[in-house]
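Note: the block below is query_26.txt and it holds compact mmCIF, C-alpha atoms.
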```txt
# COMPACT_ATOMS: atom_id res chain seq x y z
CA MET A 1361 23.65 3.55 -11.47
CA ASN A 1362 23.11 6.70 -9.40
CA ARG A 1363 23.00 6.84 -5.60
CA HIS A 1364 19.22 6.45 -5.43
CA GLU A 1365 19.34 3.24 -7.46
CA PHE A 1366 22.38 2.03 -5.55
CA ILE A 1367 20.60 2.40 -2.20
CA ASP A 1368 17.63 0.38 -3.47
CA VAL A 1369 19.87 -2.37 -4.82
CA ALA A 1370 22.11 -2.46 -1.76
CA THR A 1371 19.15 -2.55 0.64
CA ILE A 1372 17.44 -5.45 -1.10
CA THR A 1373 20.71 -7.32 -1.58
CA ALA A 1374 21.50 -7.03 2.11
CA SER A 1375 17.98 -8.17 3.03
CA SER A 1376 18.33 -11.22 0.81
CA LEU A 1377 21.33 -12.38 2.85
CA PHE A 1378 19.13 -12.81 5.93
CA LEU A 1379 16.32 -14.75 4.31
CA ARG A 1380 15.46 -18.09 5.80
CA GLY A 1381 13.46 -20.78 4.03
CA GLY A 1382 13.98 -19.62 0.47
CA GLY A 1383 12.22 -16.25 0.32
CA PHE A 1384 8.87 -15.11 -1.05
CA PHE A 1385 6.59 -17.88 -2.36
CA SER A 1386 9.12 -20.61 -1.57
CA ARG A 1387 6.51 -23.06 -0.24
CA SER A 1388 3.62 -22.54 -2.62
CA LEU A 1389 2.64 -20.72 -5.80
CA GLU A 1390 -1.00 -21.74 -5.46
CA SER A 1391 -3.43 -18.82 -5.45
CA ASP A 1392 -6.62 -17.60 -7.06
CA PRO A 1393 -6.16 -14.46 -9.18
CA ILE A 1394 -6.03 -11.27 -7.15
CA ASP A 1395 -9.16 -9.83 -8.77
CA ASP A 1396 -11.28 -12.78 -7.64
CA VAL A 1397 -9.80 -12.75 -4.14
CA VAL A 1398 -10.26 -9.00 -3.66
CA THR A 1399 -13.85 -8.92 -4.88
CA ASP A 1400 -14.85 -11.94 -2.75
CA THR A 1401 -13.15 -10.89 0.51
CA VAL A 1402 -15.26 -9.11 3.13
CA SER A 1403 -14.59 -7.34 6.41
CA THR A 1404 -16.56 -5.30 8.95
CA VAL A 1405 -15.60 -2.56 11.39
CA GLY A 1406 -16.97 -1.30 14.67
CA ASP A 1407 -16.43 2.04 16.34
CA ILE A 1408 -14.87 4.96 14.52
CA ARG A 1409 -13.36 6.96 17.35
CA PRO A 1410 -9.91 7.67 18.74
CA THR A 1411 -8.95 4.65 20.76
CA THR A 1412 -6.50 1.79 20.84
CA PRO A 1413 -5.89 -0.20 17.64
CA ARG A 1414 -8.82 -2.35 16.61
CA GLU A 1415 -8.33 -5.78 15.06
CA VAL A 1416 -10.72 -6.96 12.37
CA THR A 1417 -11.15 -10.20 10.47
CA ALA A 1418 -11.37 -10.43 6.71
CA THR A 1419 -12.64 -13.61 5.11
CA GLY A 1420 -12.43 -14.70 1.50
CA PRO A 1421 -11.14 -17.28 -0.98
CA ALA A 1422 -7.63 -17.14 0.50
CA GLY A 1423 -8.90 -17.82 4.02
CA GLU A 1424 -9.23 -15.76 7.18
CA PHE A 1425 -6.87 -12.84 7.82
CA HIS A 1426 -6.47 -10.43 10.71
CA ALA A 1427 -5.92 -6.77 9.86
CA GLY A 1428 -6.30 -3.66 11.98
CA TYR A 1429 -7.06 0.04 12.05
CA LEU A 1430 -6.32 2.95 14.35
CA VAL A 1431 -8.28 6.20 14.44
CA HIS A 1432 -5.30 8.43 15.07
CA ARG A 1433 -7.25 11.70 14.90
CA TRP A 1434 -10.97 12.35 14.82
CA VAL A 1435 -11.99 15.92 14.02
CA GLY A 1436 -15.62 15.00 13.48
CA SER A 1437 -18.04 13.31 11.11
CA ASP A 1438 -18.40 16.59 9.20
CA ALA A 1439 -14.71 16.56 8.21
CA PRO A 1440 -12.98 14.62 5.42
CA THR A 1441 -11.16 11.40 6.36
CA LEU A 1442 -7.83 10.14 5.08
CA LEU A 1443 -7.17 6.40 5.22
CA TYR A 1444 -3.46 5.56 5.13
CA HIS A 1445 -1.86 2.18 4.45
CA HIS A 1446 1.78 1.52 5.34
CA GLY A 1447 4.58 -0.08 3.35
CA SER A 1448 5.89 -3.64 3.54
CA GLY A 1449 7.32 -4.56 6.93
CA GLU A 1450 6.04 -1.44 8.71
CA ASP A 1451 3.87 -1.36 11.81
CA PRO A 1452 1.91 1.92 11.65
CA PHE A 1453 0.73 1.45 15.23
CA ASP A 1454 4.25 1.44 16.66
CA PHE A 1455 5.00 4.90 18.04
CA GLY A 1456 7.81 3.76 20.32
CA ARG A 1457 10.98 5.69 20.93
CA PHE A 1458 12.96 3.73 18.38
CA SER A 1459 10.17 3.15 15.88
CA SER A 1460 10.21 4.46 12.33
CA ASN A 1461 7.30 4.16 9.95
CA THR A 1462 5.85 6.33 7.22
CA PHE A 1463 2.57 7.01 9.01
CA GLU A 1464 4.45 8.44 11.97
CA ARG A 1465 6.74 10.53 9.77
CA LEU A 1466 3.96 11.89 7.57
CA PHE A 1467 1.17 12.54 10.04
CA THR A 1468 2.20 12.71 13.69
CA ALA A 1469 4.50 15.74 13.85
CA ASP A 1470 3.00 19.11 12.87
CA SER A 1471 1.76 17.69 9.60
CA GLY A 1472 -0.87 20.38 9.11
CA PHE A 1473 -3.60 17.93 8.10
CA ASP A 1474 -6.90 19.20 9.49
CA LEU A 1475 -8.97 16.09 8.90
CA ASN A 1476 -9.70 12.66 10.33
CA LEU A 1477 -6.75 10.28 10.09
CA ILE A 1478 -7.07 6.50 10.16
CA ALA A 1479 -4.13 4.11 9.81
CA ILE A 1480 -4.70 0.65 8.33
CA ARG A 1481 -2.41 -2.24 9.24
CA ALA A 1482 -2.12 -5.24 6.93
CA PRO A 1483 -2.19 -8.82 8.18
CA PHE A 1484 1.18 -10.22 9.35
CA HIS A 1485 2.45 -6.74 10.32
CA GLY A 1486 1.72 -6.80 14.02
CA GLY A 1487 4.46 -9.28 14.95
CA SER A 1488 8.09 -9.87 14.12
CA SER A 1489 9.66 -9.44 10.70
CA SER A 1490 10.51 -13.15 10.69
CA ASP A 1491 6.80 -13.99 11.11
CA TYR A 1492 6.02 -11.80 8.11
CA VAL A 1493 8.69 -13.40 5.95
CA GLU A 1494 7.49 -16.86 7.00
CA ALA A 1495 3.91 -16.04 5.97
CA MET A 1496 5.09 -14.76 2.59
CA GLY A 1497 6.36 -18.23 1.75
CA GLU A 1498 2.92 -18.83 0.25
CA LEU A 1499 1.61 -16.72 -2.62
CA GLU A 1500 -1.92 -17.21 -1.33
CA ASN A 1501 -0.98 -15.45 1.90
CA PHE A 1502 0.38 -12.48 -0.02
CA VAL A 1503 -2.74 -12.21 -2.17
CA GLY A 1504 -4.98 -12.71 0.86
CA MET A 1505 -3.09 -10.04 2.79
CA LEU A 1506 -3.69 -7.48 0.04
CA ALA A 1507 -7.34 -8.49 -0.27
CA ALA A 1508 -7.86 -8.20 3.50
CA SER A 1509 -6.45 -4.67 3.57
CA THR A 1510 -8.56 -3.70 0.57
CA ALA A 1511 -11.69 -5.13 2.20
CA LEU A 1512 -10.92 -3.24 5.41
CA MET A 1513 -10.49 -0.03 3.42
CA GLN A 1514 -13.93 -0.59 1.92
CA ALA A 1515 -15.53 -1.43 5.28
CA LEU A 1516 -14.11 1.77 6.78
CA THR A 1517 -15.36 3.77 3.82
CA GLU A 1518 -18.88 2.39 4.18
CA ARG A 1519 -18.90 3.15 7.91
CA LEU A 1520 -17.63 6.68 7.35
CA ARG A 1521 -20.34 7.29 4.76
CA GLU A 1522 -22.93 6.12 7.27
CA LEU A 1523 -21.59 8.68 9.75
CA GLY A 1524 -22.00 11.44 7.17
CA CYS A 1525 -18.35 12.00 6.38
CA PRO A 1526 -18.31 14.37 3.37
CA ALA A 1527 -15.22 12.90 1.68
CA VAL A 1528 -12.96 9.89 2.08
CA LEU A 1529 -9.48 9.64 0.59
CA ALA A 1530 -6.92 6.85 0.68
CA SER A 1531 -3.17 6.99 0.42
CA GLY A 1532 -0.51 4.36 0.88
CA ILE A 1533 3.12 3.80 0.11
CA SER A 1534 4.59 0.79 -1.71
CA LEU A 1535 2.56 -2.16 -0.34
CA GLY A 1536 -0.03 0.40 0.73
CA GLY A 1537 -0.03 1.98 -2.71
CA TRP A 1538 -0.92 -1.38 -4.26
CA VAL A 1539 -3.84 -1.67 -1.84
CA VAL A 1540 -5.01 1.82 -2.80
CA ASN A 1541 -4.90 0.89 -6.48
CA LEU A 1542 -6.65 -2.42 -5.88
CA HIS A 1543 -9.45 -0.56 -4.13
CA ARG A 1544 -9.76 1.83 -7.05
CA ALA A 1545 -9.86 -1.04 -9.55
CA TYR A 1546 -12.47 -3.16 -7.74
CA TYR A 1547 -14.47 -0.80 -5.50
CA GLY A 1548 -13.95 2.77 -6.70
CA SER A 1549 -16.03 4.18 -3.85
CA LEU A 1550 -13.52 6.76 -2.57
CA ASP A 1551 -13.40 10.42 -3.48
CA ARG A 1552 -9.65 10.43 -4.13
CA TYR A 1553 -6.85 7.89 -4.43
CA VAL A 1554 -3.24 8.83 -3.69
CA PRO A 1555 -0.96 5.85 -4.41
CA ILE A 1556 2.73 6.33 -3.60
CA PHE A 1557 5.30 4.17 -5.42
CA ALA A 1558 2.84 1.62 -6.81
CA GLY A 1559 1.16 0.71 -10.08
CA ALA A 1560 -0.92 -2.22 -11.34
CA ARG A 1561 1.66 -4.72 -12.67
CA LEU A 1562 2.41 -6.19 -9.26
CA ASP A 1563 3.96 -9.34 -10.69
CA GLU A 1564 6.81 -7.29 -12.17
CA VAL A 1565 7.99 -6.32 -8.68
CA PHE A 1566 8.75 -9.97 -7.99
CA GLY A 1567 9.76 -10.96 -11.50
CA SER A 1568 11.88 -8.17 -12.98
CA SER A 1569 12.80 -5.59 -10.32
CA VAL A 1570 15.67 -5.92 -7.86
CA TYR A 1571 13.08 -7.23 -5.39
CA ARG A 1572 13.31 -10.57 -7.19
CA LYS A 1573 16.37 -11.21 -5.01
CA LEU A 1574 13.89 -11.85 -2.17
CA VAL A 1575 11.84 -14.30 -4.23
CA ALA A 1576 12.36 -18.05 -4.28
CA ASP A 1577 14.07 -19.46 -7.38
CA SER A 1578 11.05 -21.66 -8.05
CA ALA A 1579 8.79 -18.60 -8.22
CA ARG A 1580 11.14 -16.48 -10.30
CA GLY A 1581 11.19 -19.29 -12.83
CA ARG A 1582 7.38 -19.17 -13.22
CA PRO A 1583 6.65 -15.56 -14.27
CA GLU A 1584 3.42 -16.64 -15.95
CA ILE A 1585 2.07 -17.88 -12.60
CA LEU A 1586 2.95 -14.58 -10.92
CA ALA A 1587 1.34 -12.62 -13.73
CA GLU A 1588 -1.86 -14.65 -13.59
CA ALA A 1589 -2.13 -14.16 -9.83
CA LEU A 1590 -0.95 -10.57 -9.41
CA ASP A 1591 -1.35 -8.49 -12.57
CA PHE A 1592 -4.45 -6.28 -12.42
CA GLU A 1593 -3.43 -3.63 -14.95
CA GLN A 1594 -6.31 -4.29 -17.34
CA ASP A 1595 -8.93 -3.71 -14.65
CA PHE A 1596 -7.13 -0.65 -13.29
CA VAL A 1597 -6.79 0.98 -16.71
CA ALA A 1598 -10.49 0.38 -17.37
CA VAL A 1599 -11.41 2.84 -14.60
CA GLU A 1600 -12.36 6.09 -16.31
CA ALA A 1601 -12.76 8.32 -13.26
CA ASP A 1602 -10.28 11.16 -12.84
CA ASP A 1603 -9.87 10.42 -9.14
CA CYS A 1604 -6.24 9.34 -8.78
CA ASP A 1605 -3.14 11.37 -7.87
CA PRO A 1606 -0.18 8.97 -8.21
CA ILE A 1607 3.43 9.69 -7.39
CA LEU A 1608 6.35 7.58 -8.64
CA ALA A 1609 10.11 7.77 -8.16
CA ARG A 1610 12.10 7.98 -11.38
CA TYR A 1611 15.03 5.92 -10.09
CA ASP A 1612 12.97 3.36 -8.18
CA ARG A 1613 14.48 -0.11 -8.65
CA ILE A 1614 11.62 -1.89 -6.84
CA VAL A 1615 8.51 -0.27 -8.30
CA GLU A 1616 10.14 0.59 -11.59
CA PHE A 1617 9.05 3.84 -13.19
CA GLU A 1618 9.00 2.73 -16.82
CA THR A 1619 7.12 -0.46 -15.96
CA GLN A 1620 4.38 1.06 -13.79
CA ARG A 1621 3.90 4.52 -15.34
CA PRO A 1622 1.80 3.27 -18.33
CA CYS A 1623 -1.04 2.01 -16.14
CA TYR A 1624 -1.92 5.61 -15.23
CA GLY A 1625 -2.62 6.51 -18.85
CA GLY A 1626 -3.58 10.17 -19.15
CA LEU A 1627 -3.61 10.80 -15.40
CA GLU A 1628 -1.10 13.36 -14.16
CA VAL A 1629 1.73 11.55 -12.37
CA ASP A 1630 3.96 13.41 -9.93
CA VAL A 1631 7.57 12.26 -10.26
CA LEU A 1632 10.25 12.37 -7.57
CA GLU A 1633 13.84 12.38 -8.75
CA LYS A 1634 14.64 9.70 -6.19
CA GLY A 1635 14.60 5.95 -5.65
CA HIS A 1636 12.27 3.75 -3.61
CA ILE A 1637 14.19 4.10 -0.34
CA THR A 1638 15.29 7.71 -0.71
CA GLY A 1639 11.82 8.61 -1.93
CA SER A 1640 10.14 7.06 1.10
CA LEU A 1641 12.33 9.29 3.28
CA ALA A 1642 11.37 12.44 1.36
CA THR A 1643 8.74 13.28 3.96
CA ASP A 1644 8.14 16.90 2.98
CA ALA A 1645 7.62 16.05 -0.70
CA LEU A 1646 5.26 13.16 0.04
CA ARG A 1647 3.33 15.19 2.58
CA SER A 1648 2.93 18.05 0.11
CA HIS A 1649 1.67 15.64 -2.53
CA ILE A 1650 -0.96 14.21 -0.19
CA ARG A 1651 -1.93 17.67 1.02
CA ARG A 1652 -2.68 18.78 -2.57
CA SER A 1653 -5.10 15.87 -2.94
CA VAL A 1654 -6.75 16.71 0.36
CA SER A 1655 -7.10 20.33 -0.70
CA ALA A 1656 -8.68 19.30 -4.02
CA VAL A 1657 -11.34 17.35 -2.14
CA GLN A 1658 -11.92 20.09 0.41
CA HIS A 1659 -11.91 23.10 -1.89
CA GLY A 1660 -12.04 21.76 -5.45
CA PRO A 1661 -9.15 21.54 -7.95
```
Entire entry expressed as structure tokens:
Amino acid sequence: MNRHEFIDVATITASSLFLRGGGFFSRSLESDPIDDVVTDTVSTVGDIRPTTPREVTATGPAGEFHAGYLVHRWVGSDAPTLLYHHGSGEDPFDFGRFSSNTFERLFTADSGFDLNLIAIRAPFHGGSSSDYVEAMGELENFVGMLAASTALMQALTERLRELGCPAVLASGISLGGWVVNLHRAYYGSLDRYVPIFAGARLDEVFGSSVYRKLVADSARGRPEILAEALDFEQDFVAVEADDCDPILARYDRIVEFETQRPCYGGLEVDVLEKGHITGSLATDALRSHIRRSVSAVQHGP
């Protein structure tokens, strides 16, 4: 085990010591499959202009969920737009003195991105970490959360198209990367997808990776239920468009490289020689990866 793997394992192990109520999916494993929930969840958006965070409601088979978006920078409707989705437990709208989130690190300090920037916040990420963990006691809430973010991504895309935006891209890290890939699998309406540390076998994160330490024993013992609810690899692989620029971390113990790499087939996958945690802190490398995708949309490959 190298230091990148050790940091992943140590971080998740430490987090597991503070769990209350049994961890992820401790109360219920009931959920419709993620493909059905994503395709039947809808959301709408209002103004697209720099302002305070806007809350939206997404409604679908899993119920009603409250997500949000923030137009961090608006260059104009004639410029490309990048939609960014945060990782698990992050609040992308928190720019306080002691805050730390990937949106802030990647885009708010001399990032060099000359385009519109919109941050998406998943349900359950506007409050305390304990509220988030409590909500994740039900598999349906986890699936609904992902579906709500995906529906919001689609609603923003439709609104941006109406405004005449010439190109729309989406990027996201970890949890956000799964949302990006879900959107590609079930909507496919973006010009470019840039998933960071994500794949399409979402059930494996909870069943085989070190992240299983955060999952209730009752859920870990039912891998077939997790697979039925969360695995969307078949639908993702069926997408033939060459519109995805994934990046994975070779020593990632949460989104495991060997497990998730196959879903990208013949697509070129950028590989960081890091783990999940150390990779998420590799701001320059991640920013450069996203910038290449932006450049491809702006100027061609």
Inset, instruction - Work out how far CA of His1446 in chain A is from CA of Ala1495 in chain A, in Å to one decimal. - result: 17.7 Å
Legend entry - Contacts of Ser1509 in chain A at 8 Å (only C-alpha atoms; same-chain gap of 5+ positions) as a PyMOL selection string: chain A and resi 1427+1480-1483+1539
Store the residues picked out above, limited to C-alpha atoms, as a PDB file, in the frame of the given file.
```
ATOM      1  CA  ALA A1427      -5.920  -6.770   9.860  1.00  0.00           C
ATOM      2  CA  ILE A1480      -4.700   0.650   8.330  1.00  0.00           C
ATOM      3  CA  ARG A1481      -2.410  -2.240   9.240  1.00  0.00           C
ATOM      4  CA  ALA A1482      -2.120  -5.240   6.930  1.00  0.00           C
ATOM      5  CA  PRO A1483      -2.190  -8.820   8.180  1.00  0.00           C
ATOM      6  CA  VAL A1539      -3.840  -1.670  -1.840  1.00  0.00           C
TER       7      VAL A1539
END
```
Inset, instruction - Between A:Val1597, A:Met1513, A:Met1505, A:Leu1529, single out the one closest to Asn1476 in chain A, counting only C-alpha atoms. - result: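 Ranking A:Val1597, A:Met1513, A:Met1505, A:Leu1529 by distance to Asn1476 in chain A, first place goes to A:Leu1529.
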Inset, instruction - Could you tell me which of A:Tyr1571, A:Ile1408, A:Thr1517, A:Trp1538 comes closest to Val1435 in chain A if we count all atoms listed in the file? - result: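 Distance minimum relative to Val1435 in chain A lands on A:Ile1408.
Shortest separation to Leu1632 in chain A among A:Val1657, A:Asn1501, A:Phe1473, A:Ile1607 occurs at residue A:Ile1607, atoms counted being only C-alpha atoms.
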Inset, instruction - Name the residues in contact with Ser1648 in chain A at a cut-off of 12 Å, using all atoms listed in the file, excluding same-chain residues fewer than 3 positions from it; report them as a list in words. - result: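 In the requested form, the answer reads Leu1466, Phe1467, Ser1471, Gly1472, Phe1473, Val1554, Ile1607, Asp1630, Ala1642, Thr1643, Asp1644, Ala1645, Arg1651, Arg1652, Ser1653, Val1654 and Ser1655 of chain A.
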Legend entry - Residue nearest Val1397 in chain A among A:Glu1500, A:Glu1415, A:Asp1551, A:Glu1494 (counting only C-alpha atoms):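 Using only C-alpha atoms, the shortest distance to Val1397 in chain A belongs to A:Glu1500.
A straight line drawn from CA of Thr1441 in chain A to CA of Thr1412 in chain A is 18.0 Å long.
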Legend entry - Two-atom distance - CA of Leu1523 in chain A, CA of Arg1433 in chain A (Å):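 Computed distance, CA of Leu1523 in chain A to CA of Arg1433 in chain A, equals 15.5 Å.
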For range 1383-1387 of chain A: contacts at 10 Å, all atoms listed in the file, fewer than 3 positions along chain excluded, given as a compact mmCIF listing (two decimals) with C-alpha atoms, keeping the file's coordinate frame:
```txt
# COMPACT_ATOMS: atom_id res chain seq x y z
CA SER A 1376 18.33 -11.22 0.81
CA PHE A 1378 19.13 -12.81 5.93
CA LEU A 1379 16.32 -14.75 4.31
CA ARG A 1380 15.46 -18.09 5.80
CA GLU A 1390 -1.00 -21.74 -5.46
CA VAL A 1493 8.69 -13.40 5.95
CA GLU A 1494 7.49 -16.86 7.00
CA ALA A 1495 3.91 -16.04 5.97
CA MET A 1496 5.09 -14.76 2.59
CA GLY A 1497 6.36 -18.23 1.75
CA GLU A 1498 2.92 -18.83 0.25
CA LEU A 1499 1.61 -16.72 -2.62
CA GLU A 1500 -1.92 -17.21 -1.33
CA ASN A 1501 -0.98 -15.45 1.90
CA PHE A 1502 0.38 -12.48 -0.02
CA PHE A 1566 8.75 -9.97 -7.99
CA TYR A 1571 13.08 -7.23 -5.39
CA ARG A 1572 13.31 -10.57 -7.19
CA LYS A 1573 16.37 -11.21 -5.01
CA LEU A 1574 13.89 -11.85 -2.17
CA VAL A 1575 11.84 -14.30 -4.23
CA ALA A 1576 12.36 -18.05 -4.28
CA ASP A 1577 14.07 -19.46 -7.38
CA SER A 1578 11.05 -21.66 -8.05
CA ALA A 1579 8.79 -18.60 -8.22
CA ARG A 1580 11.14 -16.48 -10.30
CA LEU A 1586 2.95 -14.58 -10.92
```
Legend entry - Contacts of Asp1603 in chain A within 8 Å, only C-alpha atoms, excl. fewer than 2 positions in-chain, as a list in words: Asp1551, Arg1552, Tyr1553, Ala1601 and Asp1605 of chain A
Inset, instruction - Identify, on the basis of all atoms listed in the file, every residue whose closest approach to Gly1420 in chain A does not exceed 9 Å; exclude the query and any residue fewer than 2 positions from it along the same chain; express the result as a list of chain:residue names. - result: A:Val1397, A:Val1398, A:Thr1399, A:Asp1400, A:Thr1401, A:Val1402, A:Ala1418, A:Ala1422, A:Gly1423, A:Glu1424, A:Phe1425, A:Gly1504, A:Ala1507, A:Ala1508
Inset, instruction - Could you check which of A:Asp1595, A:Cys1525, A:Gly1567, A:Ala1609 is closest to Gly1581 in chain A, using all atoms listed in the file? - result: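 For Gly1581 in chain A, the nearest of the candidates is A:Gly1567.
Residues lying within 9 Å of (-4.5, -4.6, -9.4). Counted over all atoms listed in the file, they are Ile1394, Asp1395, Trp1538, Val1539, Asn1541, Leu1542, His1543, Arg1544, Ala1545, Tyr1546, Gly1559, Ala1560, Arg1561, Leu1562, Leu1590, Asp1591, Phe1592, Glu1593, Gln1594, Asp1595 and Phe1596 of chain A.
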C-alpha atoms of the current selection, written as a short mmCIF file (atom, residue, chain, number, x, y, z; two decimals), in the coordinates of the input:
```
data_model
loop_
_atom_site.label_atom_id
_atom_site.label_comp_id
_atom_site.auth_asym_id
_atom_site.auth_seq_id
_atom_site.Cartn_x
_atom_site.Cartn_y
_atom_site.Cartn_z
CA ILE A 1394 -6.03 -11.27 -7.15
CA ASP A 1395 -9.16 -9.83 -8.77
CA TRP A 1538 -0.92 -1.38 -4.26
CA VAL A 1539 -3.84 -1.67 -1.84
CA ASN A 1541 -4.90 0.89 -6.48
CA LEU A 1542 -6.65 -2.42 -5.88
CA HIS A 1543 -9.45 -0.56 -4.13
CA ARG A 1544 -9.76 1.83 -7.05
CA ALA A 1545 -9.86 -1.04 -9.55
CA TYR A 1546 -12.47 -3.16 -7.74
CA GLY A 1559 1.16 0.71 -10.08
CA ALA A 1560 -0.92 -2.22 -11.34
CA ARG A 1561 1.66 -4.72 -12.67
CA LEU A 1562 2.41 -6.19 -9.26
CA LEU A 1590 -0.95 -10.57 -9.41
CA ASP A 1591 -1.35 -8.49 -12.57
CA PHE A 1592 -4.45 -6.28 -12.42
CA GLU A 1593 -3.43 -3.63 -14.95
CA GLN A 1594 -6.31 -4.29 -17.34
CA ASP A 1595 -8.93 -3.71 -14.65
CA PHE A 1596 -7.13 -0.65 -13.29
#
```
Inset, instruction - Name the closest residue to His1426 in chain A among the candidates A:His1485, A:Arg1621, A:Arg1409, A:His1649; distances are taken between atoms, counting only C-alpha atoms. - result: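 Between A:His1485, A:Arg1621, A:Arg1409, A:His1649, the residue approaching His1426 in chain A most closely is A:His1485.
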Inset, instruction - Could you give me, as a PyMOL selection string, the residues that sit within 12 Å of (-11.9, 1.7, 19.0) in the file's coordinates, counting only C-alpha atoms? - result: chain A and resi 1405-1416+1428-1434+1478
